[in-house]
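Structure data follow from final-v7.csv (CSV, C-alpha atoms):
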```csv
chain,number,residue,atom,x,y,z
R,1,MET,CA,-28.8,-6.3,-16.8
R,2,TRP,CA,-28.9,-4.9,-13.3
R,3,ILE,CA,-26.8,-2.0,-12.1
R,4,TYR,CA,-26.6,-0.7,-8.6
R,5,GLY,CA,-25.5,2.2,-6.5
R,6,ARG,CA,-27.1,5.6,-6.2
R,7,ASN,CA,-25.0,7.6,-8.7
R,8,PRO,CA,-25.0,5.0,-11.5
R,9,VAL,CA,-28.8,4.4,-11.1
R,10,LEU,CA,-29.6,8.1,-11.1
R,11,GLU,CA,-27.3,8.7,-14.1
R,12,ALA,CA,-29.0,6.0,-16.1
R,13,ALA,CA,-32.5,7.1,-15.1
R,14,ARG,CA,-31.7,10.7,-16.1
R,15,GLU,CA,-30.7,9.4,-19.5
R,16,GLY,CA,-33.9,7.4,-19.9
R,17,GLU,CA,-32.1,4.0,-19.8
R,18,VAL,CA,-33.8,2.2,-16.9
R,19,ARG,CA,-36.6,-0.3,-17.3
R,20,ARG,CA,-37.4,-0.5,-13.6
R,21,VAL,CA,-36.0,0.7,-10.2
R,22,LEU,CA,-36.0,-1.3,-7.0
R,23,VAL,CA,-35.4,0.5,-3.7
R,24,ALA,CA,-34.8,-1.2,-0.3
R,25,ARG,CA,-37.3,-0.6,2.3
R,26,GLY,CA,-36.0,1.6,5.1
R,27,VAL,CA,-33.8,3.9,3.0
R,28,GLU,CA,-34.0,7.5,4.2
R,29,ARG,CA,-37.0,9.5,3.1
R,30,LYS,CA,-34.7,12.3,1.7
R,31,PHE,CA,-33.4,9.9,-1.0
R,32,LEU,CA,-37.0,8.8,-1.9
R,33,LYS,CA,-38.0,12.4,-2.2
R,34,GLN,CA,-35.0,13.0,-4.6
R,35,LEU,CA,-36.2,10.1,-6.8
R,36,GLU,CA,-39.7,11.4,-6.8
R,37,ALA,CA,-38.5,15.0,-7.6
R,38,GLU,CA,-36.7,13.6,-10.6
R,39,GLY,CA,-39.8,11.7,-11.8
R,40,ILE,CA,-38.1,8.3,-11.2
R,41,ARG,CA,-40.7,5.6,-10.4
R,42,TYR,CA,-39.6,2.9,-8.1
R,43,GLN,CA,-40.8,-0.2,-6.2
R,44,LEU,CA,-40.0,-0.7,-2.5
R,45,VAL,CA,-38.7,-4.3,-1.8
R,46,PRO,CA,-36.9,-6.0,1.1
R,47,ARG,CA,-33.2,-5.2,1.2
R,48,ILE,CA,-32.3,-8.9,1.1
R,49,GLU,CA,-34.0,-9.1,-2.3
R,50,LEU,CA,-31.5,-6.5,-3.6
R,51,ASP,CA,-28.6,-8.4,-2.0
R,52,GLN,CA,-29.6,-11.6,-3.8
R,53,LEU,CA,-30.3,-9.9,-7.1
R,54,VAL,CA,-26.9,-8.2,-7.5
R,55,ARG,CA,-24.9,-10.6,-5.3
R,56,THR,CA,-23.5,-7.8,-3.1
R,57,THR,CA,-24.6,-5.8,-0.1
R,58,ARG,CA,-22.9,-2.7,-1.5
R,59,HIS,CA,-25.8,-1.5,-3.6
R,60,GLN,CA,-26.6,1.5,-1.4
R,61,GLY,CA,-30.3,0.4,-1.3
R,62,ILE,CA,-31.1,0.8,-5.0
R,63,VAL,CA,-30.8,-1.3,-8.2
R,64,ALA,CA,-32.1,-0.7,-11.7
R,65,GLU,CA,-32.7,-3.0,-14.6
R,66,VAL,CA,-31.2,-1.5,-17.8
R,67,ALA,CA,-30.5,-2.7,-21.3
R,68,GLU,CA,-27.1,-4.3,-22.0
R,69,VAL,CA,-24.4,-1.8,-23.1
R,70,PRO,CA,-24.0,-2.4,-26.8
R,71,LEU,CA,-20.4,-3.0,-28.0
R,72,ALA,CA,-19.2,-0.8,-30.8
R,73,ASP,CA,-17.9,-1.7,-34.2
R,74,PRO,CA,-14.1,-1.9,-34.3
R,75,GLU,CA,-13.9,1.1,-36.7
R,76,GLU,CA,-16.2,3.3,-34.6
R,77,PRO,CA,-13.4,5.0,-32.6
R,78,LEU,CA,-11.7,6.2,-35.8
R,79,ARG,CA,-15.1,7.3,-37.2
R,80,ARG,CA,-15.8,9.3,-34.0
R,81,ALA,CA,-12.4,11.1,-34.2
R,82,GLU,CA,-13.1,12.0,-37.9
R,83,ALA,CA,-16.6,13.2,-37.1
R,84,ARG,CA,-15.1,15.5,-34.4
R,85,GLY,CA,-12.3,16.7,-36.5
R,86,GLU,CA,-9.7,15.4,-34.0
R,87,LEU,CA,-6.6,13.3,-34.1
R,88,PRO,CA,-7.6,9.8,-33.0
R,89,LEU,CA,-6.8,8.9,-29.4
R,90,LEU,CA,-7.6,5.3,-28.3
R,91,VAL,CA,-6.9,3.1,-25.3
R,92,LEU,CA,-6.2,-0.6,-26.0
R,93,LEU,CA,-6.3,-3.0,-23.0
R,94,ASP,CA,-4.1,-6.1,-23.0
R,95,GLY,CA,-5.2,-8.4,-20.2
R,96,VAL,CA,-6.9,-6.0,-17.9
R,97,THR,CA,-9.2,-8.5,-16.1
R,98,ASP,CA,-10.3,-6.5,-13.0
R,99,PRO,CA,-13.8,-5.1,-13.8
R,100,ARG,CA,-13.2,-2.1,-11.5
R,101,ASN,CA,-10.1,-1.2,-13.4
R,102,TYR,CA,-11.9,-1.7,-16.7
R,103,GLY,CA,-14.7,0.6,-15.6
R,104,ALA,CA,-12.2,3.2,-14.2
R,105,ILE,CA,-10.4,3.2,-17.5
R,106,LEU,CA,-13.7,3.7,-19.4
R,107,ARG,CA,-14.4,6.6,-17.1
R,108,SER,CA,-11.0,8.3,-17.6
R,109,ALA,CA,-11.0,7.7,-21.3
R,110,GLU,CA,-14.4,9.3,-21.8
R,111,ALA,CA,-13.6,12.2,-19.5
R,112,LEU,CA,-10.3,12.9,-21.2
R,113,GLY,CA,-11.7,12.9,-24.7
R,114,ALA,CA,-10.5,9.5,-26.0
R,115,HIS,CA,-12.4,8.1,-28.9
R,116,GLY,CA,-12.8,4.5,-27.8
R,117,VAL,CA,-11.6,1.7,-25.5
R,118,VAL,CA,-10.7,-1.6,-27.1
R,119,SER,CA,-10.0,-4.9,-25.4
R,120,GLU,CA,-9.7,-8.5,-26.4
R,121,THR,CA,-12.7,-10.8,-26.1
R,122,ARG,CA,-10.9,-13.6,-24.2
R,123,ARG,CA,-8.4,-11.7,-22.1
R,124,SER,CA,-10.4,-8.9,-20.6
R,125,ALA,CA,-12.9,-8.2,-17.9
R,126,PRO,CA,-16.4,-8.4,-19.2
R,127,LEU,CA,-18.6,-5.3,-19.5
R,128,SER,CA,-20.3,-6.4,-16.3
R,129,PRO,CA,-22.5,-4.4,-13.8
R,130,VAL,CA,-19.4,-3.9,-11.7
R,131,ALA,CA,-17.5,-2.4,-14.6
R,132,ILE,CA,-20.4,-0.3,-15.6
R,133,LYS,CA,-20.8,1.0,-12.0
R,134,ALA,CA,-17.1,1.8,-11.9
R,135,SER,CA,-17.4,3.7,-15.2
R,136,ALA,CA,-19.9,6.2,-13.6
R,137,GLY,CA,-22.0,6.1,-16.8
R,138,ALA,CA,-19.0,6.5,-19.2
R,139,ALA,CA,-19.6,3.0,-20.6
R,140,ARG,CA,-22.6,4.3,-22.5
R,141,ARG,CA,-20.9,7.5,-23.7
R,142,ILE,CA,-17.8,6.1,-25.4
R,143,PRO,CA,-17.3,3.4,-28.0
R,144,VAL,CA,-16.5,0.2,-26.2
R,145,VAL,CA,-15.0,-2.4,-28.5
R,146,GLN,CA,-14.0,-6.0,-28.1
R,147,VAL,CA,-12.0,-7.7,-30.7
R,148,PRO,CA,-11.0,-11.4,-31.1
R,149,ASN,CA,-7.3,-10.7,-31.6
R,150,LEU,CA,-5.7,-7.5,-30.2
R,151,PRO,CA,-2.3,-7.9,-32.0
R,152,ARG,CA,-4.2,-8.1,-35.3
R,153,TYR,CA,-6.3,-5.0,-34.4
R,154,ILE,CA,-3.1,-3.1,-33.6
R,155,GLU,CA,-1.8,-4.0,-37.1
R,156,ASP,CA,-5.1,-2.7,-38.6
R,157,LEU,CA,-4.7,0.6,-36.7
R,158,LYS,CA,-1.1,1.0,-37.9
R,159,ASN,CA,-2.2,0.4,-41.5
R,160,ALA,CA,-4.8,3.2,-40.9
R,161,GLY,CA,-2.0,5.6,-39.9
R,162,VAL,CA,-2.3,5.3,-36.1
R,163,TRP,CA,0.9,5.3,-34.0
R,164,VAL,CA,0.8,2.8,-31.2
R,165,TYR,CA,2.5,3.4,-27.9
R,166,GLY,CA,2.8,0.6,-25.3
R,167,LEU,CA,3.0,1.6,-21.7
R,168,ALA,CA,5.8,-0.3,-20.0
R,169,GLY,CA,8.1,0.3,-17.1
R,170,GLU,CA,11.1,-0.5,-19.2
R,171,GLY,CA,10.0,1.7,-22.1
R,172,GLU,CA,12.9,3.4,-23.9
R,173,VAL,CA,11.0,6.8,-24.1
R,174,ALA,CA,9.7,8.8,-21.1
R,175,LEU,CA,6.1,10.1,-21.2
R,176,GLU,CA,7.2,13.7,-21.6
R,177,GLU,CA,9.5,12.8,-24.5
R,178,ALA,CA,6.9,11.1,-26.7
R,179,ASP,CA,5.4,12.7,-29.8
R,180,TYR,CA,1.6,13.2,-29.5
R,181,ASP,CA,0.9,15.3,-32.6
R,182,ARG,CA,-0.4,12.3,-34.6
R,183,PRO,CA,-3.1,9.7,-34.5
R,184,LEU,CA,-2.4,7.7,-31.4
R,185,ALA,CA,-3.3,4.6,-29.4
R,186,TRP,CA,-2.1,3.8,-25.9
R,187,VAL,CA,-1.8,0.1,-25.0
R,188,VAL,CA,-2.2,-0.7,-21.3
R,189,GLY,CA,-1.2,-4.1,-20.0
R,190,SER,CA,-2.2,-6.1,-17.0
R,191,GLU,CA,-0.8,-5.1,-13.6
R,192,GLY,CA,0.7,-8.6,-13.1
R,193,SER,CA,2.5,-9.4,-16.3
R,194,GLY,CA,2.3,-6.2,-18.4
R,195,LEU,CA,2.1,-6.4,-22.1
R,196,ARG,CA,2.2,-9.8,-23.9
R,197,ARG,CA,5.1,-10.4,-26.2
R,198,LEU,CA,3.0,-10.4,-29.4
R,199,VAL,CA,1.4,-7.1,-28.3
R,200,ARG,CA,4.7,-5.6,-27.3
R,201,GLU,CA,6.3,-6.5,-30.6
R,202,ARG,CA,3.6,-4.7,-32.5
R,203,CYS,CA,3.8,-1.4,-30.7
R,204,ASP,CA,5.7,1.3,-32.5
R,205,GLN,CA,7.4,2.4,-29.3
R,206,LEU,CA,7.4,1.6,-25.6
R,207,VAL,CA,6.9,4.5,-23.2
R,208,HIS,CA,7.4,4.6,-19.5
R,209,ILE,CA,5.9,6.9,-16.9
R,210,PRO,CA,8.7,8.3,-14.7
R,211,LEU,CA,8.2,7.4,-11.1
R,212,ARG,CA,9.8,9.4,-8.2
R,213,GLY,CA,9.0,7.3,-5.2
R,214,ARG,CA,9.8,3.7,-4.2
R,215,THR,CA,6.6,2.2,-5.5
R,216,PRO,CA,7.7,0.3,-8.6
R,217,SER,CA,4.5,0.6,-10.7
R,218,LEU,CA,1.1,2.2,-11.0
R,219,ASN,CA,-2.4,0.8,-11.1
R,220,ALA,CA,-3.5,0.2,-14.7
R,221,ALA,CA,-6.4,2.6,-14.5
R,222,VAL,CA,-4.1,5.3,-13.0
R,223,ALA,CA,-1.5,4.8,-15.7
R,224,ALA,CA,-4.0,5.0,-18.5
R,225,GLY,CA,-5.4,8.3,-17.0
R,226,ILE,CA,-2.0,9.8,-16.8
R,227,ALA,CA,-1.1,8.8,-20.3
R,228,LEU,CA,-4.3,10.2,-21.8
R,229,HIS,CA,-4.0,13.5,-19.9
R,230,TRP,CA,-0.5,13.9,-21.0
R,231,ALA,CA,-1.4,13.3,-24.6
R,232,GLN,CA,-4.3,15.8,-24.6
R,233,ALA,CA,-2.2,18.4,-22.7
R,234,ALA,CA,0.6,18.1,-25.2
R,235,ARG,CA,-1.8,18.5,-28.1
R,236,ARG,CA,-3.3,21.6,-26.6
R,237,GLY,CA,0.1,23.0,-25.9
```
I need this file expressed as structure tokens, please.
Amino acid sequence: MWIYGRNPVLEAAREGEVRRVLVARGVERKFLKQLEAEGIRYQLVPRIELDQLVRTTRHQGIVAEVAEVPLADPEEPLRRAEARGELPLLVLLDGVTDPRNYGAILRSAEALGAHGVVSETRRSAPLSPVAIKASAGAARRIPVVQVPNLPRYIEDLKNAGVWVYGLAGEGEVALEEADYDRPLAWVVGSEGSGLRRLVRERCDQLVHIPLRGRTPSLNAAVAAGIALHWAQAARRG
């Protein structure tokens, strides 16, 4: 797998995950000195080679070959919470197909202390280089799970004692009214159609984020970040 962009490549290199690094000829000497100072070996190649390799010109003059990000076992998020002595906090994605949103959610989830992000194999953005770049390295630091059937996985979580909140504009409970002092999973739907009926029916409760302006909805990644932050703040409070 190839990743691109200066911060993602540097992050991966610092963690020892890169197999090789290609840098476009003509990049500023200051950046090359930074790579050398950090002991990152690289090969200079024509910029067009990078364009063709990652199919974009937005690579900032550097790409790296890395191992595929391994998917986690479906039970890993709960095991991680138990190992940390924390109440489980998961994010479930129902139809989030934009890889940048997917990566941004991974980034927020890891930064805000969630124990895993779960999506459905057929109805989700793939864990692609675009998603990995958007995650800013978080994709390798948090359990990323894909399951064949999200409604069934929700049932398994509920049987394990996890309370499942679905984020929905028409939710009967406001964000600040929900109870966070228990094992919890947030379900985030697609920006276009929201939660599917089968997913919605399996949620224990639907929760809405109160909006003050005229914009009717939030980006899926923004909504997930707000919900995670609120849950963690309520638990600390």
**OP:** Go through R:Glu120, R:Glu36, R:Glu82, R:Glu110 one by one, measure the shortest atom-to-atom distance of each to Arg141 in chain R using only C-alpha atoms, and give the residue with the smallest value.
**Re:** R:Glu110
**OP:** Tell me which protein, DNA and RNA residues are within 9 Å of range 211-221 of chain R, counting all atoms listed in the file, leaving out same-chain ones fewer than 5 positions away, and put them as a PyMOL selection string.
**Re:** chain R and resi 96+100-106+108+169+188-191+226
**OP:** Would you kindly return, as JSON, numbers by chain, each protein, DNA or RNA residue with an atom no farther than 7 Å from any atom of Val173 in chain R, considering only C-alpha atoms and excluding same-chain residues fewer than 3 positions away?
**Re:** {"R": [177, 178, 206, 207, 208]}
With C-alpha atoms retained, could you export that selection as a short mmCIF file (atom, residue, chain, number, x, y, z; two decimals), in the coordinates of the input?
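As written to disk, out.cif reads:
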```cif
data_model
loop_
_atom_site.label_atom_id
_atom_site.label_comp_id
_atom_site.auth_asym_id
_atom_site.auth_seq_id
_atom_site.Cartn_x
_atom_site.Cartn_y
_atom_site.Cartn_z
CA GLU R 177 9.50 12.80 -24.50
CA ALA R 178 6.90 11.10 -26.70
CA LEU R 206 7.40 1.60 -25.60
CA VAL R 207 6.90 4.50 -23.20
CA HIS R 208 7.40 4.60 -19.50
#
```
Could you give me, as CSV, every range 108-203 of chain R residue with an atom at most 8 Å from range 66-71 of chain R, plus its closest atom pair and distance in Å to one decimal, counting only C-alpha atoms, rows ordered by chain then number?
```
residue,atom,partner,partner_atom,distance
R:Leu127,CA,R:Val69,CA,7.7
R:Ala139,CA,R:Val69,CA,7.2
R:Arg140,CA,R:Val69,CA,6.4
R:Pro143,CA,R:Leu71,CA,7.1
R:Val144,CA,R:Leu71,CA,5.4
R:Val145,CA,R:Leu71,CA,5.5
R:Gln146,CA,R:Leu71,CA,7.1
```
Original post:
Looking at all atoms listed in the file, which of R:Ala111, R:Ala138, R:Ile62, R:Val118 is the one that sits closest to Gln232 in chain R?
Top reply: R:Ala111
Subject >> Spatial neighbours of Gln205 in chain R, max dist 12 Å, only C-alpha atoms, sep filter under 3 positions, as number ranges by chain >> reply: R: 163-168, 170-175, 177-179, 184-187, 199-202, 208
Original post:
Hey, which of R:Gly95, R:Gly113, R:Pro8, R:Pro46 ends up closest to Pro129 in chain R? Count only C-alpha atoms.
Top reply: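 Closest residue, counting only C-alpha atoms: R:Pro8.
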Subject >> Nearest to Leu150 in chain R by atom-to-atom distance, counting all atoms listed in the file, from R:Leu228, R:Leu195, R:Ala72, R:Val45 >> reply: R:Leu195
Do you know which residues are at most 9 Å from Gln43 in chain R counting all atoms listed in the file, after dropping those on the same chain fewer than 2 positions away, and could you put them as a PDB file with C-alpha atoms, keeping the file's coordinate frame?
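Produced file result.pdb, reproduced below:
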```
ATOM      1  CA  ARG R  20     -37.400  -0.500 -13.600  1.00  0.00           C
ATOM      2  CA  VAL R  21     -36.000   0.700 -10.200  1.00  0.00           C
ATOM      3  CA  LEU R  22     -36.000  -1.300  -7.000  1.00  0.00           C
ATOM      4  CA  VAL R  23     -35.400   0.500  -3.700  1.00  0.00           C
ATOM      5  CA  ALA R  24     -34.800  -1.200  -0.300  1.00  0.00           C
ATOM      6  CA  ARG R  41     -40.700   5.600 -10.400  1.00  0.00           C
ATOM      7  CA  VAL R  45     -38.700  -4.300  -1.800  1.00  0.00           C
TER       8      VAL R  45
END
```
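Between CA of Ala12 in chain R and CA of Ala64 in chain R the separation is 8.6 Å.
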Original post:
When you draw a straight line from CA of Pro148 in chain R to CA of Leu90 in chain R, how long is it in Å?
Top reply: 17.3 Å
Subject >> Nearest candidate to Arg197 in chain R (options R:Asp181, R:Pro151, R:Val162, R:Glu38; using only C-alpha atoms) >> reply: R:Pro151
**OP:** Quote the spacing between CA of Glu76 in chain R and CA of Val117 in chain R in Å to one decimal place.
**Re:** 10.3 Å
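For the residues R:Gln52, R:Asn7, R:Thr121, R:Ser193, ranking by smallest atom-to-atom distance to Leu35 in chain R using only C-alpha atoms places R:Asn7 first.
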Hey, could you patch up range 37-59 of chain R with N, CA and C atoms and hand it over as a compact mmCIF listing (two decimals), keeping the file's coordinate frame?
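Dumped to result19.txt:
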```txt
# COMPACT_ATOMS: atom_id res chain seq x y z
N ALA R 37 -38.72 13.65 -6.99
CA ALA R 37 -38.50 15.00 -7.60
C ALA R 37 -38.03 14.85 -9.03
N GLU R 38 -37.27 13.81 -9.30
CA GLU R 38 -36.70 13.60 -10.60
C GLU R 38 -37.63 12.77 -11.53
N GLY R 39 -38.79 12.41 -11.00
CA GLY R 39 -39.80 11.70 -11.80
C GLY R 39 -39.37 10.20 -11.97
N ILE R 40 -38.56 9.67 -11.07
CA ILE R 40 -38.10 8.30 -11.20
C ILE R 40 -39.08 7.39 -10.39
N ARG R 41 -39.76 6.52 -11.08
CA ARG R 41 -40.70 5.60 -10.40
C ARG R 41 -39.92 4.41 -9.89
N TYR R 42 -40.31 3.98 -8.70
CA TYR R 42 -39.60 2.90 -8.10
C TYR R 42 -40.52 1.98 -7.30
N GLN R 43 -40.00 0.82 -6.96
CA GLN R 43 -40.80 -0.20 -6.20
C GLN R 43 -39.96 -0.47 -4.91
N LEU R 44 -40.61 -0.41 -3.77
CA LEU R 44 -40.00 -0.70 -2.50
C LEU R 44 -39.98 -2.26 -2.30
N VAL R 45 -38.82 -2.81 -1.97
CA VAL R 45 -38.70 -4.30 -1.80
C VAL R 45 -37.81 -4.50 -0.54
N PRO R 46 -37.83 -5.72 0.03
CA PRO R 46 -36.90 -6.00 1.10
C PRO R 46 -35.46 -5.90 0.70
N ARG R 47 -34.61 -5.40 1.58
CA ARG R 47 -33.20 -5.20 1.20
C ARG R 47 -32.54 -6.52 0.79
N ILE R 48 -32.94 -7.63 1.41
CA ILE R 48 -32.30 -8.90 1.10
C ILE R 48 -32.59 -9.29 -0.38
N GLU R 49 -33.68 -8.81 -0.94
CA GLU R 49 -34.00 -9.10 -2.30
C GLU R 49 -32.94 -8.42 -3.25
N LEU R 50 -32.53 -7.22 -2.87
CA LEU R 50 -31.50 -6.50 -3.60
C LEU R 50 -30.15 -7.26 -3.47
N ASP R 51 -29.85 -7.70 -2.23
CA ASP R 51 -28.60 -8.40 -2.00
C ASP R 51 -28.51 -9.65 -2.90
N GLN R 52 -29.60 -10.37 -3.02
CA GLN R 52 -29.60 -11.60 -3.80
C GLN R 52 -29.58 -11.29 -5.31
N LEU R 53 -30.21 -10.19 -5.69
CA LEU R 53 -30.30 -9.90 -7.10
C LEU R 53 -28.97 -9.49 -7.71
N VAL R 54 -28.19 -8.68 -6.98
CA VAL R 54 -26.90 -8.20 -7.50
C VAL R 54 -25.71 -8.87 -6.83
N ARG R 55 -25.97 -9.77 -5.92
CA ARG R 55 -24.90 -10.60 -5.30
C ARG R 55 -23.90 -9.72 -4.52
N THR R 56 -24.38 -8.67 -3.92
CA THR R 56 -23.50 -7.80 -3.10
C THR R 56 -24.44 -7.04 -2.14
N THR R 57 -23.88 -6.65 -1.00
CA THR R 57 -24.60 -5.80 -0.10
C THR R 57 -24.25 -4.32 -0.27
N ARG R 58 -23.41 -4.04 -1.25
CA ARG R 58 -22.90 -2.70 -1.50
C ARG R 58 -23.67 -1.94 -2.53
N HIS R 59 -24.97 -2.14 -2.56
CA HIS R 59 -25.80 -1.50 -3.60
C HIS R 59 -26.40 -0.18 -3.17
```
